[in-house]
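Shown below: final-v2.cif, with mmCIF, C-alpha atoms and all ligand atoms.
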data_upload
#
loop_
_atom_site.label_atom_id
_atom_site.label_comp_id
_atom_site.auth_asym_id
_atom_site.auth_seq_id
_atom_site.Cartn_x
_atom_site.Cartn_y
_atom_site.Cartn_z
CA MET A 1 36.72 -12.77 38.10
CA PRO A 2 37.15 -12.37 34.35
CA HIS A 3 35.45 -14.84 32.10
CA THR A 4 38.07 -17.16 30.64
CA GLY A 5 37.98 -18.61 27.16
CA CYS A 6 37.59 -22.00 28.72
CA ASP A 7 34.50 -20.96 30.70
CA ALA A 8 32.99 -19.43 27.59
CA MET A 9 33.49 -22.69 25.75
CA HIS A 10 31.84 -24.51 28.61
CA ASP A 11 28.88 -22.15 28.45
CA GLU A 12 28.64 -22.72 24.73
CA GLN A 13 28.61 -26.47 25.22
CA ASP A 14 25.90 -26.14 27.87
CA ARG A 15 23.82 -24.04 25.53
CA THR A 16 24.28 -26.49 22.68
CA ALA A 17 23.20 -29.31 24.96
CA ALA A 18 20.11 -27.32 25.99
CA VAL A 19 19.22 -26.58 22.36
CA LYS A 20 19.64 -30.26 21.45
CA GLU A 21 17.39 -31.24 24.35
CA HIS A 22 14.79 -28.72 23.17
CA GLU A 23 15.00 -30.02 19.61
CA GLN A 24 14.51 -33.59 20.80
CA ALA A 25 11.49 -32.48 22.81
CA SER A 26 10.12 -30.70 19.73
CA ARG A 27 10.53 -33.82 17.62
CA ALA A 28 8.47 -35.73 20.16
CA LEU A 29 5.54 -33.33 19.60
CA SER A 30 2.43 -34.37 17.73
CA PRO A 31 2.92 -34.94 13.96
CA ALA A 32 0.40 -32.19 13.14
CA ARG A 33 2.54 -29.63 14.88
CA ARG A 34 5.74 -30.86 13.30
CA GLN A 35 4.23 -30.81 9.82
CA GLY A 36 3.44 -27.08 10.11
CA LYS A 37 4.30 -25.48 6.76
CA THR A 38 6.34 -22.70 8.33
CA GLY A 39 8.67 -24.99 10.26
CA THR A 40 9.95 -23.89 13.65
CA GLN A 41 7.70 -21.16 15.00
CA VAL A 42 9.23 -17.95 16.33
CA SER A 43 7.06 -18.33 19.45
CA GLU A 44 8.76 -21.65 20.24
CA VAL A 45 12.19 -20.08 20.03
CA SER A 46 11.78 -16.50 21.19
CA GLY A 47 8.48 -16.23 23.03
CA LYS A 48 4.92 -15.17 22.38
CA ALA A 49 5.47 -11.38 22.44
CA ILE A 50 7.95 -11.60 19.55
CA ALA A 51 5.58 -13.92 17.69
CA ARG A 52 2.74 -11.39 18.07
CA MET A 53 4.97 -8.59 16.79
CA VAL A 54 6.02 -10.73 13.80
CA GLU A 55 2.38 -11.50 13.03
CA ALA A 56 1.52 -7.80 13.25
CA PHE A 57 4.30 -6.79 10.84
CA MET A 58 3.24 -9.53 8.41
CA ARG A 59 -0.09 -7.75 8.00
CA LEU A 60 1.75 -4.95 6.21
CA PRO A 61 2.08 -5.13 2.42
CA GLY A 62 5.37 -6.45 1.11
CA ILE A 63 6.48 -7.82 4.48
CA GLY A 64 7.13 -11.56 4.54
CA LYS A 65 8.02 -13.70 7.54
CA LYS A 66 11.76 -13.09 7.36
CA SER A 67 11.42 -9.31 7.11
CA ALA A 68 8.82 -9.33 9.89
CA GLU A 69 11.19 -11.25 12.16
CA ARG A 70 14.02 -8.83 11.38
CA LEU A 71 11.75 -5.86 12.16
CA ALA A 72 10.50 -7.43 15.39
CA PHE A 73 14.06 -7.96 16.64
CA ALA A 74 14.92 -4.41 15.57
CA VAL A 75 12.07 -3.12 17.76
CA LEU A 76 13.34 -5.30 20.58
CA GLY A 77 16.74 -3.61 20.26
CA MET A 78 15.25 -0.11 20.59
CA THR A 79 14.93 1.96 23.72
CA ARG A 80 11.50 2.05 25.35
CA ASP A 81 10.97 5.63 24.11
CA GLU A 82 11.81 4.76 20.51
CA ALA A 83 9.41 1.82 20.54
CA ALA A 84 6.70 3.93 22.19
CA GLY A 85 7.21 6.57 19.48
CA ILE A 86 6.42 4.01 16.77
CA ALA A 87 3.38 2.69 18.63
CA GLN A 88 2.11 6.26 19.17
CA ALA A 89 2.68 7.20 15.50
CA ILE A 90 0.50 4.26 14.45
CA LEU A 91 -2.26 5.27 16.87
CA ASP A 92 -2.07 8.95 15.84
CA LEU A 93 -2.34 7.95 12.19
CA LYS A 94 -5.51 6.04 12.93
CA ASN A 95 -7.01 8.60 15.33
CA ASN A 96 -6.17 11.87 13.58
CA THR A 97 -6.65 11.16 9.88
CA ARG A 98 -9.81 11.07 7.81
CA TYR A 99 -10.93 11.34 4.21
CA CYS A 100 -11.27 14.81 2.69
CA SER A 101 -15.00 15.44 2.37
CA LEU A 102 -14.51 16.75 -1.18
CA CYS A 103 -11.91 14.52 -2.85
CA TYR A 104 -11.39 11.59 -0.42
CA ASN A 105 -7.68 12.26 -0.09
CA ILE A 106 -6.23 11.53 3.37
CA THR A 107 -6.22 14.60 5.60
CA GLU A 108 -6.27 15.71 9.22
CA ASP A 109 -8.89 18.36 8.46
CA GLU A 110 -12.36 18.44 6.93
CA ILE A 111 -10.92 19.58 3.57
CA CYS A 112 -7.45 18.52 2.39
CA GLY A 113 -4.57 20.84 1.54
CA ILE A 114 -4.89 20.21 -2.21
CA CYS A 115 -8.59 21.15 -2.26
CA ARG A 116 -7.85 24.25 -0.14
CA ASP A 117 -4.93 25.42 -2.30
CA VAL A 118 -6.28 28.35 -4.34
CA LYS A 119 -3.17 28.38 -6.55
CA ARG A 120 -4.09 25.02 -8.08
CA ASP A 121 -5.93 24.65 -11.37
CA SER A 122 -9.53 24.10 -10.37
CA THR A 123 -10.67 23.34 -13.94
CA ARG A 124 -9.05 19.88 -13.97
CA ILE A 125 -9.75 16.85 -11.82
CA CYS A 126 -7.60 13.74 -11.88
CA VAL A 127 -9.52 10.63 -10.78
CA VAL A 128 -7.57 7.89 -8.99
CA GLU A 129 -8.49 4.63 -7.26
CA GLU A 130 -6.79 5.21 -3.90
CA PRO A 131 -5.59 8.24 -1.91
CA SER A 132 -2.07 6.74 -1.98
CA ASN A 133 -2.09 7.27 -5.77
CA ILE A 134 -2.43 11.02 -5.18
CA LEU A 135 0.89 11.03 -3.36
CA ILE A 136 2.63 9.32 -6.31
CA LEU A 137 1.12 11.74 -8.84
CA GLU A 138 2.05 14.71 -6.67
CA LYS A 139 5.64 13.48 -6.48
CA SER A 140 5.80 13.62 -10.28
CA GLY A 141 5.08 17.34 -9.99
CA THR A 142 3.42 17.49 -13.43
CA PHE A 143 -0.23 17.86 -12.43
CA ARG A 144 -1.39 21.01 -10.69
CA GLY A 145 -5.13 20.42 -10.72
CA ARG A 146 -7.38 18.75 -8.16
CA TYR A 147 -7.99 15.09 -7.45
CA HIS A 148 -10.78 12.68 -6.65
CA ALA A 149 -10.15 9.28 -5.08
CA LEU A 150 -12.81 6.64 -5.74
CA LEU A 151 -11.67 4.43 -2.82
CA GLY A 152 -11.61 1.37 -5.07
CA ALA A 153 -12.47 0.21 -8.57
CA ILE A 154 -15.43 -1.57 -10.15
CA SER A 155 -14.95 -5.32 -9.78
CA PRO A 156 -18.03 -7.48 -10.35
CA LEU A 157 -16.09 -10.61 -9.38
CA ASP A 158 -15.45 -9.14 -5.91
CA GLY A 159 -19.00 -7.82 -5.72
CA ILE A 160 -17.86 -4.19 -5.99
CA GLY A 161 -20.18 -2.07 -8.10
CA PRO A 162 -20.20 1.66 -8.95
CA GLU A 163 -22.44 2.31 -5.93
CA ASP A 164 -19.59 1.17 -3.64
CA LEU A 165 -17.27 3.87 -4.97
CA LYS A 166 -17.20 7.62 -4.34
CA ILE A 167 -18.68 8.38 -7.75
CA ASP A 168 -21.66 10.42 -6.53
CA GLY A 169 -19.33 12.89 -4.89
CA LEU A 170 -17.38 13.23 -8.13
CA LEU A 171 -20.53 13.89 -10.18
CA GLU A 172 -21.62 16.46 -7.62
CA ARG A 173 -18.33 18.31 -8.04
CA LEU A 174 -18.64 18.18 -11.83
CA ARG A 175 -22.24 19.40 -11.82
CA ALA A 176 -21.24 22.34 -9.64
CA GLY A 177 -19.47 23.67 -12.76
CA GLY A 178 -16.06 25.10 -13.56
CA ILE A 179 -14.45 21.76 -14.53
CA THR A 180 -13.34 21.43 -18.15
CA GLU A 181 -11.34 18.19 -18.04
CA VAL A 182 -11.38 14.96 -16.07
CA ILE A 183 -8.24 12.84 -16.32
CA ILE A 184 -8.90 9.22 -15.43
CA ALA A 185 -5.84 7.72 -13.76
CA THR A 186 -7.24 4.41 -12.56
CA ASN A 187 -4.87 1.43 -12.79
CA PRO A 188 -4.18 -0.23 -16.16
CA THR A 189 -5.90 -3.41 -14.94
CA LEU A 190 -9.24 -4.98 -15.87
CA LYS A 191 -10.84 -3.30 -12.83
CA GLY A 192 -9.24 0.05 -13.60
CA GLU A 193 -10.25 -0.10 -17.29
CA THR A 194 -13.84 -1.06 -16.43
CA THR A 195 -14.02 1.85 -14.01
CA ALA A 196 -12.50 4.28 -16.55
CA LEU A 197 -15.01 3.26 -19.22
CA TYR A 198 -17.92 3.54 -16.79
CA LEU A 199 -16.84 7.02 -15.67
CA SER A 200 -16.23 8.27 -19.19
CA LYS A 201 -19.80 7.29 -20.20
CA LEU A 202 -21.15 9.19 -17.18
CA ILE A 203 -19.01 12.30 -17.56
CA LYS A 204 -18.96 12.96 -21.33
CA PRO A 205 -22.70 13.82 -21.49
CA LEU A 206 -21.98 16.61 -18.99
CA GLY A 207 -19.98 18.35 -21.73
CA ILE A 208 -16.66 17.80 -19.93
CA ASN A 209 -13.55 16.47 -21.71
CA VAL A 210 -12.48 13.05 -20.45
CA SER A 211 -8.93 11.80 -20.94
CA ARG A 212 -7.13 8.64 -19.86
CA ILE A 213 -3.50 8.52 -18.73
CA ALA A 214 -1.19 6.98 -21.34
CA TYR A 215 0.29 3.50 -21.19
CA GLY A 216 3.83 2.88 -22.14
CA LEU A 217 7.23 1.51 -21.47
CA PRO A 218 8.89 2.29 -18.16
CA VAL A 219 11.41 5.11 -18.35
CA GLY A 220 14.94 3.73 -18.43
CA GLY A 221 13.55 0.30 -19.33
CA ASP A 222 14.42 -1.94 -22.25
CA ILE A 223 11.82 -2.78 -24.92
CA GLU A 224 13.22 -6.32 -24.93
CA TYR A 225 11.90 -7.01 -21.44
CA ALA A 226 8.45 -5.46 -21.87
CA ASP A 227 5.47 -7.79 -22.20
CA GLU A 228 3.43 -7.85 -25.44
CA ASN A 229 0.45 -6.01 -23.91
CA THR A 230 2.62 -3.13 -22.75
CA VAL A 231 4.35 -2.86 -26.13
CA GLN A 232 0.96 -2.94 -27.89
CA ARG A 233 -0.41 -0.18 -25.64
CA ALA A 234 2.75 1.87 -26.06
CA LEU A 235 2.39 1.67 -29.86
CA GLU A 236 -1.27 2.64 -29.70
CA GLY A 237 -0.46 5.55 -27.45
CA ARG A 238 2.36 6.88 -29.69
CA ARG A 239 2.55 10.58 -30.41
CA GLU A 240 4.04 12.77 -33.08
CA MET A 241 7.51 14.17 -32.48
ZN ZN B 301 -9.46 17.14 -0.92
#
Go ahead and render the structure in this file as C-alpha cells.
Ligand code: ZN
Amino acid sequence: MPHTGCDAMHDEQDRTAAVKEHEQASRALSPARRQGKTGTQVSEVSGKAIARMVEAFMRLPGIGKKSAERLAFAVLGMTRDEAAGIAQAILDLKNNTRYCSLCYNITEDEICGICRDVKRDSTRICVVEEPSNILILEKSGTFRGRYHALLGAISPLDGIGPEDLKIDGLLERLRAGGITEVIIATNPTLKGETTALYLSKLIKPLGINVSRIAYGLPVGGDIEYADENTVQRALEGRREM
C-alpha cells in the first residue's frame, strides 16, 4: 500500500515527539555534561562510530568540527569498497613511505626520485623545513637542483635545537664536494630565520655560496593590504629593473 501524505505527516509528528522526548531527557542530564563547550555531541545524535570518525578527521590540519562531520557523513554515504579504498590508502601511505636517506624527502625507495634524477643540477641544494615544502617548490617549476629537508626548524622555546634537525646529513653532502650554492628556503618566521642564520654560519666557511629566498608581496595582491613587516622586507629585497 502506497504511503499517503497523511501517513507521512503522522510519521513526522511521531519523530518530532521522539526528538522532543530525547531533548527533555538530555536536559535532565548532569549540569557538567550540559555545559560542554561543543553543545550537543555527534555521538548522542548519530552514534559512537560517527563520533569516532569525526574525531579522526579533526586530527587533520584545517579540518574543524563542521567539516569533520560533513566528511564523516560523506564516508557513510559511500559504498563499502569506496570507504575501504580510503582506509587502505591511509595504511599504504604509512606502511610504504619513508624519508629519502640523502635529502629526507618522502619516498617509497631508499633514495628519492629527485636525488636519483641525473638531469637535475647537482651543484645547488635548496634547504627546506619540511618535505611538503619540496612539493610546493617543485610545483613552481623554477628550481632544478636538489633539496634537503631539515624535518623542522630551530626553536629554543619548544626545546628544538640544531641537533634535532637533519643538519649533519646536509653538511655531509656539502663536504662530499660539487655543491656551489645552498639556497635556504626555511619559513619567514622567527624559527625559520634562526635556522637560516645558523646554517649560513656553518656553510659559508666551507667556501659555498649561501643565499636566502626573497620576501615580498604576494603576486596579484594589493600593497594596501600587506602588513608593515612584509612591505619592509619587500623594499629591502628590491632589485634593479
Ligand atoms: Zn632525496
Set the distance at 12 Å and use only C-alpha atoms: which residues neighbour Lys66 (chain A) once local chain neighbours fewer than 3 positions away are removed? I'd like the list as a PDB file with C-alpha atoms, keeping the file's coordinate frame.
ATOM      1  CA  THR A  38       6.340 -22.700   8.330  1.00  0.00           C
ATOM      2  CA  GLN A  41       7.700 -21.160  15.000  1.00  0.00           C
ATOM      3  CA  VAL A  42       9.230 -17.950  16.330  1.00  0.00           C
ATOM      4  CA  VAL A  54       6.020 -10.730  13.800  1.00  0.00           C
ATOM      5  CA  GLU A  55       2.380 -11.500  13.030  1.00  0.00           C
ATOM      6  CA  PHE A  57       4.300  -6.790  10.840  1.00  0.00           C
ATOM      7  CA  MET A  58       3.240  -9.530   8.410  1.00  0.00           C
ATOM      8  CA  GLY A  62       5.370  -6.450   1.110  1.00  0.00           C
ATOM      9  CA  ILE A  63       6.480  -7.820   4.480  1.00  0.00           C
ATOM     10  CA  GLU A  69      11.190 -11.250  12.160  1.00  0.00           C
ATOM     11  CA  ARG A  70      14.020  -8.830  11.380  1.00  0.00           C
ATOM     12  CA  LEU A  71      11.750  -5.860  12.160  1.00  0.00           C
ATOM     13  CA  ALA A  72      10.500  -7.430  15.390  1.00  0.00           C
ATOM     14  CA  PHE A  73      14.060  -7.960  16.640  1.00  0.00           C
TER      15      PHE A  73
END
Give one line per residue of chain A that approaches ligand ZN 301 (chain B) to at most 6 Å, naming the two atoms of the closest pair and their distance in Å to one decimal, counting only C-alpha atoms and all ligand atoms; sort by chain then ascending residue number and deliver it as a tab-separated table.
residue	atom	partner	partner_atom	distance
A:Cys100	CA	B:ZN301	ZN	4.7
A:Leu102	CA	B:ZN301	ZN	5.1
A:Cys103	CA	B:ZN301	ZN	4.1
A:Tyr104	CA	B:ZN301	ZN	5.9
A:Asn105	CA	B:ZN301	ZN	5.3
A:Ile111	CA	B:ZN301	ZN	5.3
A:Cys112	CA	B:ZN301	ZN	4.1
A:Ile114	CA	B:ZN301	ZN	5.7
A:Cys115	CA	B:ZN301	ZN	4.3
Emit the selected residues as a PDB file, in the coordinates of the input, including C-alpha atoms.
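Saved result, result28.pdb, follows:
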ATOM      1  CA  CYS A 100     -11.270  14.810   2.690  1.00  0.00           C
ATOM      2  CA  LEU A 102     -14.510  16.750  -1.180  1.00  0.00           C
ATOM      3  CA  CYS A 103     -11.910  14.520  -2.850  1.00  0.00           C
ATOM      4  CA  TYR A 104     -11.390  11.590  -0.420  1.00  0.00           C
ATOM      5  CA  ASN A 105      -7.680  12.260  -0.090  1.00  0.00           C
ATOM      6  CA  ILE A 111     -10.920  19.580   3.570  1.00  0.00           C
ATOM      7  CA  CYS A 112      -7.450  18.520   2.390  1.00  0.00           C
ATOM      8  CA  ILE A 114      -4.890  20.210  -2.210  1.00  0.00           C
ATOM      9  CA  CYS A 115      -8.590  21.150  -2.260  1.00  0.00           C
TER      10      CYS A 115
END
Subject >> Shell around Glu163 (chain A) at 12 Å using all atoms listed in the file, local window under 5 positions removed, as a list in words >> reply: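 Counting only the stated atoms, we get Leu150, Leu151, Gly152, Ala153, Ile154, Ser155, Pro156, Asp168, Gly169, Thr195 and Tyr198 of chain A.
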Original post:
Between A:Asn96, A:Met53, A:Leu206, A:Ser132, which is the closest to Asp109 (chain A) once you count only C-alpha atoms?
Top reply: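 Nearest candidate to Asp109 (chain A) out of A:Asn96, A:Met53, A:Leu206, A:Ser132: A:Asn96.
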Original post:
What gap, in Å, lies between CA of Arg52 (chain A) and CA of Ile106 (chain A)?
Top reply: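 If I compute the distance from CA of Arg52 (chain A) to CA of Ile106 (chain A), I get 28.7 Å.
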Could N, CA and C atoms be built for region 83-116 of chain A and written out as an mmCIF file, in the coordinates of the input?
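Contents of out15.cif, freshly written:
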data_model
loop_
_atom_site.group_PDB
_atom_site.id
_atom_site.type_symbol
_atom_site.label_atom_id
_atom_site.label_comp_id
_atom_site.auth_asym_id
_atom_site.auth_seq_id
_atom_site.Cartn_x
_atom_site.Cartn_y
_atom_site.Cartn_z
ATOM 1 N N ALA A 83 10.487 2.759 20.834
ATOM 2 C CA ALA A 83 9.410 1.820 20.540
ATOM 3 C C ALA A 83 8.054 2.475 20.788
ATOM 4 N N ALA A 84 7.965 3.243 21.876
ATOM 5 C CA ALA A 84 6.700 3.930 22.190
ATOM 6 C C ALA A 84 6.367 4.951 21.108
ATOM 7 N N GLY A 85 7.407 5.585 20.554
ATOM 8 C CA GLY A 85 7.210 6.570 19.480
ATOM 9 C C GLY A 85 6.554 5.928 18.271
ATOM 10 N N ILE A 86 7.001 4.713 17.924
ATOM 11 C CA ILE A 86 6.420 4.010 16.770
ATOM 12 C C ILE A 86 4.967 3.633 17.057
ATOM 13 N N ALA A 87 4.743 3.097 18.258
ATOM 14 C CA ALA A 87 3.380 2.690 18.630
ATOM 15 C C ALA A 87 2.448 3.904 18.600
ATOM 16 N N GLN A 88 2.935 5.046 19.122
ATOM 17 C CA GLN A 88 2.110 6.260 19.170
ATOM 18 C C GLN A 88 1.844 6.796 17.760
ATOM 19 N N ALA A 89 2.859 6.717 16.885
ATOM 20 C CA ALA A 89 2.680 7.200 15.500
ATOM 21 C C ALA A 89 1.581 6.412 14.806
ATOM 22 N N ILE A 90 1.535 5.105 15.070
ATOM 23 C CA ILE A 90 0.500 4.260 14.450
ATOM 24 C C ILE A 90 -0.879 4.668 14.965
ATOM 25 N N LEU A 91 -0.980 4.878 16.282
ATOM 26 C CA LEU A 91 -2.260 5.270 16.870
ATOM 27 C C LEU A 91 -2.701 6.654 16.386
ATOM 28 N N ASP A 92 -1.738 7.598 16.310
ATOM 29 C CA ASP A 92 -2.070 8.950 15.840
ATOM 30 C C ASP A 92 -2.587 8.914 14.412
ATOM 31 N N LEU A 93 -1.928 8.074 13.602
ATOM 32 C CA LEU A 93 -2.340 7.950 12.190
ATOM 33 C C LEU A 93 -3.788 7.511 12.108
ATOM 34 N N LYS A 94 -4.137 6.554 12.957
ATOM 35 C CA LYS A 94 -5.510 6.040 12.930
ATOM 36 C C LYS A 94 -6.499 7.025 13.559
ATOM 37 N N ASN A 95 -6.077 7.716 14.609
ATOM 38 C CA ASN A 95 -7.010 8.600 15.330
ATOM 39 C C ASN A 95 -7.187 9.961 14.677
ATOM 40 N N ASN A 96 -6.122 10.477 14.042
ATOM 41 C CA ASN A 96 -6.170 11.870 13.580
ATOM 42 C C ASN A 96 -6.375 12.051 12.079
ATOM 43 N N THR A 97 -6.476 10.969 11.316
ATOM 44 C CA THR A 97 -6.650 11.160 9.880
ATOM 45 C C THR A 97 -8.041 10.742 9.435
ATOM 46 N N ARG A 98 -8.489 11.358 8.357
ATOM 47 C CA ARG A 98 -9.810 11.070 7.810
ATOM 48 C C ARG A 98 -9.771 11.324 6.316
ATOM 49 N N TYR A 99 -10.867 11.047 5.634
ATOM 50 C CA TYR A 99 -10.930 11.340 4.210
ATOM 51 C C TYR A 99 -11.413 12.773 4.014
ATOM 52 N N CYS A 100 -10.830 13.464 3.044
ATOM 53 C CA CYS A 100 -11.270 14.810 2.690
ATOM 54 C C CYS A 100 -12.725 14.704 2.227
ATOM 55 N N SER A 101 -13.584 15.577 2.700
ATOM 56 C CA SER A 101 -15.000 15.440 2.370
ATOM 57 C C SER A 101 -15.303 15.844 0.921
ATOM 58 N N LEU A 102 -14.311 16.414 0.235
ATOM 59 C CA LEU A 102 -14.510 16.750 -1.180
ATOM 60 C C LEU A 102 -13.914 15.689 -2.100
ATOM 61 N N CYS A 103 -12.614 15.358 -1.877
ATOM 62 C CA CYS A 103 -11.910 14.520 -2.850
ATOM 63 C C CYS A 103 -11.502 13.133 -2.320
ATOM 64 N N TYR A 104 -11.725 12.886 -1.052
ATOM 65 C CA TYR A 104 -11.390 11.590 -0.420
ATOM 66 C C TYR A 104 -9.891 11.307 -0.360
ATOM 67 N N ASN A 105 -9.105 12.380 -0.382
ATOM 68 C CA ASN A 105 -7.680 12.260 -0.090
ATOM 69 C C ASN A 105 -7.578 12.071 1.432
ATOM 70 N N ILE A 106 -6.424 11.656 1.934
ATOM 71 C CA ILE A 106 -6.230 11.530 3.370
ATOM 72 C C ILE A 106 -5.850 12.897 3.936
ATOM 73 N N THR A 107 -6.494 13.301 5.018
ATOM 74 C CA THR A 107 -6.220 14.600 5.600
ATOM 75 C C THR A 107 -6.473 14.574 7.111
ATOM 76 N N GLU A 108 -5.975 15.610 7.786
ATOM 77 C CA GLU A 108 -6.270 15.710 9.220
ATOM 78 C C GLU A 108 -7.396 16.701 9.449
ATOM 79 N N ASP A 109 -7.820 17.366 8.360
ATOM 80 C CA ASP A 109 -8.890 18.360 8.460
ATOM 81 C C ASP A 109 -10.102 17.914 7.645
ATOM 82 N N GLU A 110 -11.143 18.732 7.694
ATOM 83 C CA GLU A 110 -12.360 18.440 6.930
ATOM 84 C C GLU A 110 -12.063 18.429 5.422
ATOM 85 N N ILE A 111 -11.281 19.454 4.982
ATOM 86 C CA ILE A 111 -10.920 19.580 3.570
ATOM 87 C C ILE A 111 -9.396 19.497 3.462
ATOM 88 N N CYS A 112 -8.901 18.728 2.480
ATOM 89 C CA CYS A 112 -7.450 18.520 2.390
ATOM 90 C C CYS A 112 -6.712 19.745 1.836
ATOM 91 N N GLY A 113 -5.410 19.734 1.965
ATOM 92 C CA GLY A 113 -4.570 20.840 1.540
ATOM 93 C C GLY A 113 -4.669 21.114 0.043
ATOM 94 N N ILE A 114 -4.811 20.045 -0.754
ATOM 95 C CA ILE A 114 -4.890 20.210 -2.210
ATOM 96 C C ILE A 114 -6.195 20.915 -2.589
ATOM 97 N N CYS A 115 -7.294 20.515 -1.968
ATOM 98 C CA CYS A 115 -8.590 21.150 -2.260
ATOM 99 C C CYS A 115 -8.607 22.603 -1.780
ATOM 100 N N ARG A 116 -7.852 22.888 -0.708
ATOM 101 C CA ARG A 116 -7.850 24.250 -0.140
ATOM 102 C C ARG A 116 -6.918 25.193 -0.905
#
